[in-house]
$ cat model-v3.txt   # compact mmCIF, C-alpha atoms and all ligand atoms
# COMPACT_ATOMS: atom_id res chain seq x y z
CA MET A 18 -6.97 -17.48 -19.93
CA ILE A 19 -7.66 -14.50 -22.19
CA VAL A 20 -8.69 -11.44 -20.16
CA LEU A 21 -10.32 -8.33 -21.61
CA GLY A 22 -9.41 -5.31 -19.49
CA ILE A 23 -11.43 -2.08 -19.35
CA GLU A 24 -10.19 1.20 -17.82
CA SER A 25 -12.21 4.42 -17.60
CA SER A 26 -11.51 5.84 -14.15
CA CYS A 27 -10.36 9.28 -15.24
CA ASP A 28 -9.51 10.74 -18.65
CA GLU A 29 -8.31 7.70 -20.59
CA THR A 30 -10.64 5.18 -22.21
CA ALA A 31 -8.59 2.02 -22.52
CA CYS A 32 -9.07 -1.62 -23.42
CA SER A 33 -6.52 -4.40 -23.52
CA VAL A 34 -6.30 -8.12 -24.11
CA VAL A 35 -3.87 -9.98 -21.83
CA ARG A 36 -3.16 -13.70 -21.63
CA ASN A 37 -2.62 -15.30 -18.20
CA GLY A 38 -1.97 -12.02 -16.43
CA LYS A 39 1.29 -11.32 -18.25
CA GLU A 40 1.28 -11.52 -22.03
CA ILE A 41 -0.10 -8.29 -23.52
CA LEU A 42 -1.78 -9.06 -26.85
CA SER A 43 -3.13 -5.52 -27.32
CA ASN A 44 -3.17 -2.31 -25.32
CA VAL A 45 -5.40 0.44 -26.76
CA VAL A 46 -5.51 3.78 -24.94
CA THR A 47 -7.43 6.81 -26.14
CA SER A 48 -6.62 9.95 -24.24
CA GLN A 49 -9.05 12.82 -23.66
CA ILE A 50 -6.26 15.39 -23.28
CA ASP A 51 -7.64 17.45 -26.19
CA LEU A 52 -11.01 17.67 -24.44
CA HIS A 53 -9.72 18.89 -21.08
CA GLN A 54 -6.67 20.90 -22.15
CA GLU A 55 -8.42 24.26 -22.32
CA PHE A 56 -9.64 23.82 -18.71
CA GLY A 57 -6.19 22.87 -17.34
CA GLY A 58 -7.63 19.76 -15.68
CA VAL A 59 -10.21 17.00 -16.09
CA VAL A 60 -13.88 18.05 -16.30
CA PRO A 61 -15.78 15.00 -14.91
CA GLU A 62 -18.98 15.35 -16.94
CA LEU A 63 -17.10 15.77 -20.22
CA ALA A 64 -14.96 12.76 -19.31
CA SER A 65 -18.01 10.51 -18.79
CA ARG A 66 -19.57 11.52 -22.08
CA ARG A 67 -16.40 10.85 -24.03
CA HIS A 68 -15.98 7.43 -22.35
CA ALA A 69 -19.51 6.51 -23.42
CA GLU A 70 -18.82 7.56 -27.01
CA VAL A 71 -15.57 5.72 -27.51
CA MET A 72 -15.88 2.66 -25.24
CA ILE A 73 -17.27 0.22 -27.82
CA PRO A 74 -14.90 1.27 -30.66
CA VAL A 75 -11.96 0.98 -28.25
CA ILE A 76 -13.01 -2.55 -27.23
CA ASP A 77 -13.41 -3.52 -30.90
CA MET A 78 -9.95 -2.18 -31.67
CA ALA A 79 -8.33 -4.04 -28.76
CA LEU A 80 -9.91 -7.34 -29.80
CA LYS A 81 -8.91 -6.81 -33.43
CA GLN A 82 -5.33 -5.90 -32.61
CA ALA A 83 -5.05 -8.98 -30.37
CA GLY A 84 -6.45 -11.19 -33.14
CA VAL A 85 -9.20 -12.58 -30.90
CA THR A 86 -13.00 -12.34 -30.70
CA LEU A 87 -15.29 -12.08 -27.69
CA LYS A 88 -15.73 -15.87 -27.91
CA ASP A 89 -12.09 -16.29 -26.88
CA VAL A 90 -12.42 -14.09 -23.80
CA GLY A 91 -12.57 -15.99 -20.50
CA LEU A 92 -12.78 -13.03 -18.12
CA ILE A 93 -13.55 -9.32 -18.20
CA ALA A 94 -11.62 -7.14 -15.73
CA VAL A 95 -12.64 -3.56 -15.07
CA ALA A 96 -11.34 -0.68 -12.93
CA GLN A 97 -13.92 -0.34 -10.14
CA GLY A 98 -12.26 2.54 -8.28
CA PRO A 99 -10.91 4.90 -7.21
CA GLY A 100 -11.72 7.52 -9.82
CA LEU A 101 -14.47 9.78 -11.10
CA VAL A 102 -17.88 8.28 -10.35
CA GLY A 103 -19.48 8.85 -13.75
CA ALA A 104 -16.36 7.78 -15.62
CA LEU A 105 -16.05 4.56 -13.60
CA MET A 106 -19.72 3.75 -14.19
CA ILE A 107 -19.24 3.70 -17.96
CA GLY A 108 -16.53 1.04 -17.61
CA LEU A 109 -18.29 -1.03 -14.95
CA ASN A 110 -21.62 -1.04 -16.77
CA THR A 111 -19.92 -2.01 -20.02
CA ALA A 112 -18.25 -4.92 -18.23
CA LYS A 113 -21.56 -6.00 -16.65
CA ALA A 114 -23.40 -5.77 -19.97
CA LEU A 115 -20.79 -7.85 -21.79
CA SER A 116 -20.73 -10.31 -18.92
CA MET A 117 -24.52 -10.76 -18.96
CA ALA A 118 -24.84 -10.92 -22.73
CA LEU A 119 -21.97 -13.35 -23.28
CA GLY A 120 -22.02 -15.38 -20.08
CA ILE A 121 -18.40 -14.44 -19.27
CA PRO A 122 -17.44 -13.70 -15.64
CA PHE A 123 -16.26 -10.21 -14.77
CA VAL A 124 -14.15 -8.89 -11.94
CA GLY A 125 -13.82 -5.34 -10.57
CA VAL A 126 -10.30 -4.30 -9.59
CA ASN A 127 -8.59 -1.56 -7.61
CA HIS A 128 -7.00 0.88 -10.05
CA ILE A 129 -4.17 1.76 -7.62
CA TYR A 130 -3.15 -1.86 -7.06
CA ALA A 131 -3.28 -2.36 -10.82
CA HIS A 132 -0.82 0.57 -11.27
CA LEU A 133 1.65 -1.32 -9.05
CA TYR A 134 0.98 -4.60 -10.87
CA ALA A 135 1.97 -2.86 -14.14
CA ALA A 136 5.57 -2.81 -12.93
CA LEU A 137 5.46 -6.53 -12.12
CA MET A 138 4.07 -7.70 -15.47
CA ASP A 139 7.51 -8.30 -16.98
CA GLN A 140 9.16 -9.56 -13.78
CA PRO A 141 9.87 -13.31 -13.66
CA GLN A 142 9.76 -13.31 -9.85
CA VAL A 143 9.09 -10.84 -7.07
CA HIS A 144 10.26 -11.15 -3.47
CA PHE A 145 7.65 -9.83 -1.04
CA PRO A 146 7.24 -7.77 1.07
CA CYS A 147 7.79 -4.76 -1.20
CA LEU A 148 7.08 -1.10 -0.76
CA GLY A 149 4.56 0.11 -3.35
CA VAL A 150 5.01 3.75 -4.41
CA VAL A 151 2.06 5.17 -6.36
CA LEU A 152 2.66 8.56 -7.96
CA SER A 153 -0.07 9.62 -10.35
CA GLY A 154 -2.33 12.48 -11.35
CA GLY A 155 -4.96 11.44 -8.83
CA HIS A 156 -3.03 9.56 -6.15
CA THR A 157 0.10 9.61 -4.05
CA ALA A 158 0.50 6.67 -1.72
CA LEU A 159 2.95 4.36 -0.02
CA LEU A 160 1.68 0.83 0.46
CA GLN A 161 3.11 -2.24 2.05
CA MET A 162 2.72 -5.08 -0.48
CA GLN A 163 2.70 -8.36 1.43
CA ASP A 164 1.80 -10.32 -1.67
CA LEU A 165 -0.12 -9.60 -4.86
CA GLN A 166 -3.41 -9.31 -2.98
CA THR A 167 -2.53 -7.86 0.42
CA TYR A 168 -1.76 -4.17 0.58
CA ILE A 169 -1.47 -2.15 3.77
CA PRO A 170 -1.58 1.64 3.41
CA LEU A 171 1.38 3.38 5.05
CA GLY A 172 1.00 6.93 3.78
CA ARG A 173 -0.98 9.10 1.40
CA THR A 174 -1.41 12.68 0.38
CA VAL A 175 -3.64 14.83 2.54
CA ASP A 176 -4.29 17.35 -0.27
CA ASP A 177 -3.01 17.39 -3.87
CA ALA A 178 -1.68 14.31 -5.59
CA ILE A 179 1.87 14.77 -6.84
CA GLY A 180 0.86 14.72 -10.53
CA GLU A 181 -1.90 17.21 -9.77
CA ALA A 182 0.72 19.51 -8.18
CA PHE A 183 2.84 19.22 -11.35
CA ASP A 184 -0.21 20.05 -13.46
CA LYS A 185 -1.15 23.06 -11.31
CA VAL A 186 2.40 24.45 -11.27
CA ALA A 187 2.55 23.95 -15.05
CA LYS A 188 -0.67 25.95 -15.37
CA LEU A 189 0.86 28.78 -13.29
CA LEU A 190 3.82 28.77 -15.68
CA GLY A 191 1.52 28.88 -18.72
CA LEU A 192 2.44 25.34 -19.82
CA PRO A 193 0.01 22.87 -21.46
CA TYR A 194 -1.90 20.13 -19.61
CA PRO A 195 -0.84 17.61 -18.38
CA GLY A 196 2.15 19.58 -17.22
CA GLY A 197 4.56 16.99 -15.75
CA PRO A 198 6.58 16.31 -18.92
CA TYR A 199 6.80 20.07 -19.74
CA ILE A 200 8.13 20.83 -16.26
CA GLU A 201 10.68 18.06 -16.59
CA GLU A 202 11.82 19.52 -19.92
CA LEU A 203 12.13 23.12 -18.64
CA ALA A 204 13.89 21.92 -15.49
CA LYS A 205 16.77 20.61 -17.60
CA GLN A 206 17.80 24.23 -18.27
CA GLY A 207 17.13 25.43 -14.71
CA ASP A 208 18.96 25.61 -11.39
CA PRO A 209 17.22 23.25 -8.90
CA PHE A 210 18.59 25.25 -5.96
CA SER A 211 17.45 28.69 -7.07
CA TYR A 212 14.36 28.55 -4.84
CA PRO A 213 14.28 26.90 -1.38
CA PHE A 214 10.98 25.08 -2.03
CA LYS A 215 9.97 22.28 0.32
CA ALA A 216 7.07 19.81 0.31
CA GLY A 217 4.91 19.57 3.43
CA ARG A 218 5.70 17.51 6.53
CA LEU A 219 2.85 16.38 8.77
CA LYS A 220 3.22 16.22 12.50
CA ASP A 221 3.44 12.61 13.73
CA ARG A 222 2.63 11.31 10.25
CA PRO A 223 6.07 10.92 8.65
CA LEU A 224 4.83 8.88 5.68
CA ASP A 225 1.99 11.18 4.60
CA PHE A 226 2.38 13.78 1.86
CA SER A 227 1.25 17.36 1.37
CA PHE A 228 1.91 19.30 -1.82
CA SER A 229 -0.50 22.22 -1.56
CA GLY A 230 1.93 24.43 0.44
CA LEU A 231 4.66 23.74 -2.10
CA LYS A 232 2.31 24.75 -4.91
CA THR A 233 1.44 27.99 -3.07
CA ALA A 234 5.14 28.76 -2.52
CA VAL A 235 5.62 28.40 -6.28
CA LEU A 236 2.68 30.76 -6.88
CA TYR A 237 4.21 33.41 -4.60
CA ALA A 238 7.63 33.05 -6.25
CA ILE A 239 6.06 33.57 -9.68
CA GLN A 240 4.04 36.57 -8.44
CA GLU A 241 7.22 38.17 -7.01
CA LYS A 242 8.95 37.84 -10.37
CA MET A 243 5.94 39.26 -12.20
CA LYS A 244 6.13 42.40 -10.05
CA THR A 245 9.65 43.16 -11.29
CA ASP A 246 10.31 45.19 -14.46
CA ARG A 247 11.72 42.14 -16.21
CA GLY A 248 8.69 40.01 -15.37
CA LEU A 249 8.87 36.20 -15.45
CA SER A 250 11.64 35.30 -17.91
CA GLN A 251 12.13 31.96 -19.63
CA GLN A 252 15.13 31.33 -17.35
CA ASP A 253 12.93 32.05 -14.31
CA LYS A 254 10.43 29.45 -15.55
CA CYS A 255 13.25 26.92 -15.91
CA ASN A 256 14.54 27.71 -12.41
CA VAL A 257 11.06 27.46 -10.85
CA SER A 258 10.46 24.14 -12.65
CA ALA A 259 13.79 22.69 -11.55
CA SER A 260 13.39 23.82 -7.94
CA PHE A 261 9.79 22.59 -7.69
CA GLN A 262 10.63 19.24 -9.27
CA ARG A 263 13.61 18.77 -6.94
CA ALA A 264 11.50 19.58 -3.84
CA ALA A 265 8.65 17.23 -4.86
CA PHE A 266 10.92 14.31 -5.79
CA GLN A 267 13.23 14.71 -2.77
CA ASP A 268 10.16 14.44 -0.57
CA VAL A 269 8.95 11.27 -2.30
CA ILE A 270 12.40 9.69 -2.11
CA GLN A 271 12.94 10.56 1.53
CA LYS A 272 9.50 9.25 2.61
CA SER A 273 9.80 6.11 0.47
CA LEU A 274 13.17 5.24 2.03
CA LEU A 275 11.63 5.77 5.44
CA GLY A 276 8.74 3.55 4.32
CA THR A 277 11.09 0.63 3.56
CA LYS A 278 12.18 0.74 7.20
CA SER A 279 8.58 0.64 8.40
CA LEU A 280 8.01 -2.79 6.88
CA PRO A 281 8.27 -5.94 8.99
CA LEU A 282 11.45 -7.99 8.99
CA PRO A 283 13.08 -9.21 6.84
CA ALA A 284 13.85 -5.63 5.85
CA CYS A 285 12.22 -4.66 2.61
CA SER A 286 14.71 -4.03 -0.14
CA THR A 287 12.38 -3.83 -3.14
CA LEU A 288 10.36 -0.83 -4.26
CA VAL A 289 7.60 -1.18 -6.86
CA PHE A 290 6.49 1.97 -8.67
CA GLY A 291 3.27 2.91 -10.45
CA GLY A 292 1.48 5.91 -11.96
CA GLY A 293 2.07 8.57 -14.59
CA VAL A 294 4.65 10.55 -12.63
CA THR A 295 6.98 7.52 -12.69
CA ASN A 296 7.38 8.31 -16.38
CA SER A 297 9.87 10.94 -15.28
CA ARG A 298 13.48 10.04 -16.16
CA THR A 299 14.58 12.64 -13.62
CA LEU A 300 12.71 10.84 -10.84
CA ARG A 301 14.14 7.47 -11.88
CA ASN A 302 17.70 8.87 -11.92
CA MET A 303 17.29 10.64 -8.58
CA PHE A 304 15.94 7.46 -6.96
CA THR A 305 18.71 5.27 -8.38
CA GLU A 306 21.29 7.70 -7.04
CA ALA A 307 19.65 7.92 -3.60
CA ALA A 308 19.09 4.17 -3.19
CA PRO A 309 21.84 2.26 -4.99
CA ASP A 310 21.37 -0.85 -2.82
CA LEU A 311 17.62 -1.23 -3.23
CA LYS A 312 15.86 -3.05 -6.06
CA LEU A 313 13.71 -0.53 -7.90
CA ILE A 314 11.02 -2.00 -10.16
CA TRP A 315 9.63 0.59 -12.59
CA PRO A 316 6.75 0.02 -15.00
CA ALA A 317 7.50 -0.05 -18.72
CA HIS A 318 6.96 3.50 -20.01
CA GLU A 319 3.82 2.51 -21.96
CA LEU A 320 2.32 1.15 -18.72
CA THR A 321 2.97 4.17 -16.48
CA LEU A 322 -0.10 6.19 -17.48
CA ASP A 323 -3.62 4.84 -17.14
CA ASN A 324 -4.06 1.74 -19.29
CA ALA A 325 -6.15 -1.41 -19.37
CA ALA A 326 -3.29 -3.92 -19.65
CA MET A 327 -2.59 -3.42 -15.95
CA ILE A 328 -6.32 -3.91 -15.22
CA ALA A 329 -6.54 -7.14 -17.26
CA GLY A 330 -3.25 -8.41 -15.81
CA TYR A 331 -4.15 -7.70 -12.21
CA GLY A 332 -7.77 -8.78 -12.70
CA TYR A 333 -6.55 -12.27 -13.65
CA HIS A 334 -4.94 -12.67 -10.21
CA VAL A 335 -7.91 -11.17 -8.35
CA TYR A 336 -10.21 -13.61 -10.13
CA LEU A 337 -8.02 -16.64 -9.34
CA LYS A 338 -7.96 -15.68 -5.67
CA GLN A 339 -11.44 -14.24 -5.07
CA GLY A 340 -13.63 -15.39 -7.96
CA ALA A 341 -15.96 -13.25 -10.06
CA SER A 342 -17.76 -10.05 -9.04
CA GLY A 343 -21.55 -9.97 -8.91
CA LEU A 344 -23.88 -7.87 -11.03
CA THR A 345 -24.89 -5.87 -7.95
CA GLU A 346 -21.35 -4.46 -7.59
CA GLU A 347 -21.09 -0.65 -7.61
CA VAL A 348 -18.20 1.67 -8.41
CA TYR A 349 -15.95 2.85 -5.56
CA PRO A 350 -14.90 6.42 -6.41
CA SER A 351 -12.82 6.83 -3.23
CA LEU A 352 -11.62 3.26 -2.78
O1 LIG B 1 -1.28 7.80 -13.83
P1 LIG B 1 -1.89 8.99 -14.49
O2 LIG B 1 -2.47 8.80 -15.85
O3 LIG B 1 -2.93 9.67 -13.54
C1 LIG B 1 -3.90 9.02 -12.79
O4 LIG B 1 -4.16 7.82 -12.95
O5 LIG B 1 -4.45 9.72 -11.91
O6 LIG B 1 -0.75 10.11 -14.55
C2 LIG B 1 -0.92 11.38 -15.10
C3 LIG B 1 -0.05 12.35 -14.33
C4 LIG B 1 -0.24 13.81 -14.75
O7 LIG B 1 -0.47 14.57 -13.58
C5 LIG B 1 1.10 14.18 -15.40
O8 LIG B 1 1.44 15.53 -15.26
C6 LIG B 1 2.05 13.27 -14.67
O9 LIG B 1 1.35 12.05 -14.54
N1 LIG B 1 3.32 13.07 -15.39
C7 LIG B 1 4.50 13.55 -14.97
C8 LIG B 1 5.46 13.21 -15.97
N2 LIG B 1 4.80 12.54 -16.96
C9 LIG B 1 3.48 12.45 -16.58
N3 LIG B 1 4.83 14.22 -13.86
C10 LIG B 1 6.13 14.59 -13.72
N4 LIG B 1 7.09 14.33 -14.64
C11 LIG B 1 6.80 13.64 -15.77
N5 LIG B 1 7.74 13.40 -16.68
ZN ZN B 2 -4.15 5.99 -12.66

$ encode --input "model-v3.txt" --output "structure tokens"
Amino acid sequence: MIVLGIESSCDETACSVVRNGKEILSNVVTSQIDLHQEFGGVVPELASRRHAEVMIPVIDMALKQAGVTLKDVGLIAVAQGPGLVGALMIGLNTAKALSMALGIPFVGVNHIYAHLYAALMDQPQVHFPCLGVVLSGGHTALLQMQDLQTYIPLGRTVDDAIGEAFDKVAKLLGLPYPGGPYIEELAKQGDPFSYPFKAGRLKDRPLDFSFSGLKTAVLYAIQEKMKTDRGLSQQDKCNVSASFQRAAFQDVIQKSLLGTKSLPLPACSTLVFGGGVTNSRTLRNMFTEAAPDLKLIWPAHELTLDNAAMIAGYGYHVYLKQGASGLTEEVYPSL
């Protein structure tokens, strides 16, 4: 079955053609980074307008690159949530319109589950249960994956998402948006132990995350440096980046390892990762070092950020299990 995937939950308009949930025939992603860069974060209304402008050209390009036409498409899969309400509506309404006009079924999928499916697309076999670790610009969550369809939330952030914390710290350091890759680069020249930063711990909720205190600690450290005659030097920026990155990733690693022990027997020994922050080589190396005996399944680098291949791929399985969505379906911004 040829599936056309559509993704527009945040600041990427993406369309992809995937055969049978695995074989990616095309994967077109247009980023809106240029549009939001001057604001240091995504402006929802601007995002919706840009999605509306580029959606049809992006679909055309994905079909063309895959060498197929709409006649070949057997299913349309679309990100239904979570995300920005207006942005999601552009994708969902496009999927509904195509579905009605062409008589092709459509299915709405959970963007977070699709991020985890991205890592599984090139895996011949997966042994469940796994621990799903979602680390993106909008979400930070630990999920118990019982199979491809059954996910039980174990922990989530109570304030900033981890990628959002990277972006905010980058802004404090005067770095471009999105800041994660710039922080990773600066951190290479910095001392990760120069500041005793720590991510938040929540009472009686060992698997939940909190990054807003960490971000504030970084703000104060920068302000202290600014007060000195020397100001905030390049080496200070590197040290802040390295210390912040270490604190954020140590927290994720420690809570993820705890999460594997919270799963039912047989003990879970596989972790599946998803989301833009998993692009980080530093994170991958730190995890491998901390958990040499666990199987770590990372998404291919081109599937870490928001994309529609993961939506098409995951949508295929949702459709096989649950059937098509109806035209009365709405978006779920906080799914
Ligand atoms: O998955 P994604 O597109 O966001 C959502 O779906 O919400 O991921 C984007 C996020 C941004 O916050 C960006 O700063 C972060 O991923 N990111 C990184 C790295 N590369 C991207 N964070 C830390 N280190 C990186 N190398
Ligand atoms: Zn995402």

$ residues_around --input "model-v3.txt" --residues "Glu181 (chain A)" --least-positions-apart "4" --cutoff "10 Å" --atoms "all atoms listed in the file" --output "tab-separated table (two decimals) with C-alpha atoms, in the coordinates of the input"
chain	number	residue	atom	x	y	z
A	58	GLY	CA	-7.63	19.76	-15.68
A	152	LEU	CA	2.66	8.56	-7.96
A	153	SER	CA	-0.07	9.62	-10.35
A	154	GLY	CA	-2.33	12.48	-11.35
A	155	GLY	CA	-4.96	11.44	-8.83
A	156	HIS	CA	-3.03	9.56	-6.15
A	157	THR	CA	0.10	9.61	-4.05
A	176	ASP	CA	-4.29	17.35	-0.27
A	177	ASP	CA	-3.01	17.39	-3.87
A	185	LYS	CA	-1.15	23.06	-11.31
A	186	VAL	CA	2.40	24.45	-11.27
A	187	ALA	CA	2.55	23.95	-15.05
A	195	PRO	CA	-0.84	17.61	-18.38
A	196	GLY	CA	2.15	19.58	-17.22
A	197	GLY	CA	4.56	16.99	-15.75
A	228	PHE	CA	1.91	19.30	-1.82
A	229	SER	CA	-0.50	22.22	-1.56
A	232	LYS	CA	2.31	24.75	-4.91
A	294	VAL	CA	4.65	10.55	-12.63

$ residues_near_ligand --input "model-v3.txt" --ligand "ligand ZN 2 (chain B)" --cutoff "9 Å" --atoms "only C-alpha atoms and all ligand atoms" --output "list in words"
Ser26, Cys27, Pro99, Gly100, His128, Ile129, Ala131, His132, Val151, Leu152, Ser153, Gly154, Gly155, His156, Gly291, Gly292, Gly293, Thr321, Leu322, Asp323 and Asn324 of chain A

$ residues_around --input "model-v3.txt" --residues "Val60 (chain A)" --least-positions-apart "4" --cutoff "10 Å" --atoms "all atoms listed in the file" --output "ChimeraX atom specification"
/A:27-28,52-54,56,64-65,101

$ closest_residue --input "model-v3.txt" --among "A:Gly125, A:Gly330, A:Pro61, A:Gly276" --to "Lys113 (chain A)" --atoms "all atoms listed in the file"
A:Gly125

$ atom_distance --input "model-v3.txt" --atom1 "CA of Asp77 (chain A)" --atom2 "CA of Glu29 (chain A)"
16.1 Å

$ closest_residue --input "model-v3.txt" --among "A:Met138, A:Leu109, A:Leu203, A:Leu87" --to "Leu21 (chain A)" --atoms "all atoms listed in the file"
A:Leu87

$ closest_atom_pairs --input "model-v3.txt" --of "region 84-162 of chain A" --to "region 303-316 of chain A" --cutoff "12 Å" --atoms "all atoms listed in the file" --output "CSV"
residue,atom,partner,partner_atom,distance
A:Ala131,CA,A:Pro316,CA,11.1
A:His132,CA,A:Pro316,CA,8.5
A:Leu133,CA,A:Pro316,CA,8.0
A:Tyr134,CA,A:Pro316,CA,8.5
A:Ala135,CA,A:Pro316,CA,5.6
A:Ala136,CA,A:Pro316,CA,3.7
A:Leu137,CA,A:Pro316,CA,7.3
A:Met138,CA,A:Pro316,CA,8.2
A:Asp139,CA,A:Pro316,CA,8.6
A:Gln140,CA,A:Ile314,CA,8.6
A:Pro141,CA,A:Ile314,CA,11.9
A:Gln142,CA,A:Ile314,CA,11.4
A:Val143,CA,A:Ile314,CA,9.6
A:His144,CA,A:Lys312,CA,10.2
A:Phe145,CA,A:Lys312,CA,11.8
A:Cys147,CA,A:Lys312,CA,9.6
A:Leu148,CA,A:Leu313,CA,9.8
A:Gly149,CA,A:Ile314,CA,9.6
A:Val150,CA,A:Trp315,CA,9.9
A:Val151,CA,A:Trp315,CA,10.8
A:Leu152,CA,A:Trp315,CA,11.6

$ atom_distance --input "model-v3.txt" --atom1 "CA of Thr287 (chain A)" --atom2 "CA of Ser260 (chain A)"
28.1 Å

$ closest_residue --input "model-v3.txt" --among "A:Gln251, A:Thr233, A:Ser48, A:Thr167" --to "ligand LIG 1 (chain B)" --atoms "only C-alpha atoms and all ligand atoms"
A:Ser48

$ closest_residue --input "model-v3.txt" --among "A:Val335, A:Ile121, A:Ile107, A:Leu224" --to "Asp268 (chain A)" --atoms "all atoms listed in the file"
A:Leu224

$ closest_residue --input "model-v3.txt" --among "A:Leu192, A:Leu288, A:Met72, A:Leu92" --to "Met162 (chain A)" --atoms "only C-alpha atoms"
A:Leu288

$ atom_distance --input "model-v3.txt" --atom1 "CA of Val35 (chain A)" --atom2 "CA of Gly22 (chain A)"
7.6 Å

$ closest_residue --input "model-v3.txt" --among "A:Leu249, A:Ala182, A:Ile239, A:Leu275" --to "Ser227 (chain A)" --atoms "all atoms listed in the file"
A:Ala182

$ residues_around --input "model-v3.txt" --residues "Thr86 (chain A)" --least-positions-apart "2" --cutoff "12 Å" --atoms "all atoms listed in the file" --output "JSON, numbers by chain"
{"A": [19, 20, 21, 34, 76, 77, 78, 79, 80, 81, 82, 83, 84, 88, 89, 90, 91, 119]}

$ residues_around --input "model-v3.txt" --residues "Ile169 (chain A)" --least-positions-apart "5" --cutoff "9 Å" --atoms "all atoms listed in the file" --output "list in words"
Leu159, Leu160, Gln161, Met162 and Gln163 of chain A

$ write_last_selection --input "model-v3.txt" --atoms "C-alpha atoms" --output "compact mmCIF listing (two decimals), in the frame of the given file"
# COMPACT_ATOMS: atom_id res chain seq x y z
CA LEU A 159 2.95 4.36 -0.02
CA LEU A 160 1.68 0.83 0.46
CA GLN A 161 3.11 -2.24 2.05
CA MET A 162 2.72 -5.08 -0.48
CA GLN A 163 2.70 -8.36 1.43

$ axis_aligned_box --input "model-v3.txt" --around "region 312-330 of chain A" --padding-each-side "4 Å" --output "lines of an AutoDock Vina configuration file"
center_x = 4.7
center_y = -1.1
center_z = -14.0
size_x = 30.4
size_y = 22.6
size_z = 23.9

$ residues_around --input "model-v3.txt" --residues "region 338-351 of chain A" --least-positions-apart "6" --cutoff "10 Å" --atoms "only C-alpha atoms" --output "ChimeraX atom specification"
/A:26,92-94,96-110,112-114,116-117,121-127,165-166,332

$ residues_near_point --input "model-v3.txt" --point "(-9.6, -1.9, -20.7)" --cutoff "6 Å" --atoms "all atoms listed in the file" --output "list of chain:residue names"
A:Gly22, A:Ile23, A:Glu24, A:Ala31, A:Cys32, A:Ser33, A:Ala325

$ residues_near_point --input "model-v3.txt" --point "(12.0, 26.5, -2.3)" --cutoff "8 Å" --atoms "all atoms listed in the file" --output "list of chain:residue names"
A:Phe210, A:Ser211, A:Tyr212, A:Pro213, A:Phe214, A:Lys215, A:Leu231, A:Ala234, A:Val235, A:Ser260, A:Phe261, A:Ala264

$ decode --input "model-v3.txt" --residues "region 70-79 of chain A" --atoms "N, CA, C and O atoms" --output "PDB file, in the first residue's frame"
ATOM      1  N   GLU A  70       0.370  28.149   2.603  1.00  0.00           N
ATOM      2  CA  GLU A  70       0.998  28.541   1.330  1.00  0.00           C
ATOM      3  C   GLU A  70       1.733  27.391   0.659  1.00  0.00           C
ATOM      4  O   GLU A  70       1.670  27.231  -0.559  1.00  0.00           O
ATOM      5  N   VAL A  71       2.461  26.611   1.462  1.00  0.00           N
ATOM      6  CA  VAL A  71       3.363  25.638   0.829  1.00  0.00           C
ATOM      7  C   VAL A  71       2.826  24.206   0.787  1.00  0.00           C
ATOM      8  O   VAL A  71       3.438  23.346   0.157  1.00  0.00           O
ATOM      9  N   MET A  72       1.691  23.956   1.429  1.00  0.00           N
ATOM     10  CA  MET A  72       1.209  22.569   1.541  1.00  0.00           C
ATOM     11  C   MET A  72       1.062  21.879   0.180  1.00  0.00           C
ATOM     12  O   MET A  72       1.583  20.774  -0.030  1.00  0.00           O
ATOM     13  N   ILE A  73       0.349  22.518  -0.734  1.00  0.00           N
ATOM     14  CA  ILE A  73       0.105  21.848  -2.030  1.00  0.00           C
ATOM     15  C   ILE A  73       1.408  21.657  -2.824  1.00  0.00           C
ATOM     16  O   ILE A  73       1.672  20.544  -3.314  1.00  0.00           O
ATOM     17  N   PRO A  74       2.263  22.693  -2.947  1.00  0.00           N
ATOM     18  CA  PRO A  74       3.550  22.443  -3.628  1.00  0.00           C
ATOM     19  C   PRO A  74       4.378  21.326  -2.978  1.00  0.00           C
ATOM     20  O   PRO A  74       5.028  20.551  -3.679  1.00  0.00           O
ATOM     21  N   VAL A  75       4.334  21.238  -1.654  1.00  0.00           N
ATOM     22  CA  VAL A  75       5.113  20.191  -0.974  1.00  0.00           C
ATOM     23  C   VAL A  75       4.542  18.802  -1.312  1.00  0.00           C
ATOM     24  O   VAL A  75       5.297  17.848  -1.558  1.00  0.00           O
ATOM     25  N   ILE A  76       3.224  18.690  -1.349  1.00  0.00           N
ATOM     26  CA  ILE A  76       2.609  17.404  -1.722  1.00  0.00           C
ATOM     27  C   ILE A  76       3.000  17.040  -3.154  1.00  0.00           C
ATOM     28  O   ILE A  76       3.403  15.900  -3.443  1.00  0.00           O
ATOM     29  N   ASP A  77       2.890  18.022  -4.061  1.00  0.00           N
ATOM     30  CA  ASP A  77       3.262  17.774  -5.466  1.00  0.00           C
ATOM     31  C   ASP A  77       4.698  17.262  -5.569  1.00  0.00           C
ATOM     32  O   ASP A  77       4.985  16.311  -6.300  1.00  0.00           O
ATOM     33  N   MET A  78       5.586  17.911  -4.810  1.00  0.00           N
ATOM     34  CA  MET A  78       7.003  17.545  -4.871  1.00  0.00           C
ATOM     35  C   MET A  78       7.228  16.118  -4.356  1.00  0.00           C
ATOM     36  O   MET A  78       7.996  15.354  -4.937  1.00  0.00           O
ATOM     37  N   ALA A  79       6.532  15.774  -3.270  1.00  0.00           N
ATOM     38  CA  ALA A  79       6.702  14.433  -2.691  1.00  0.00           C
ATOM     39  C   ALA A  79       6.220  13.352  -3.662  1.00  0.00           C
ATOM     40  O   ALA A  79       6.854  12.304  -3.817  1.00  0.00           O
TER      41      ALA A  79
END
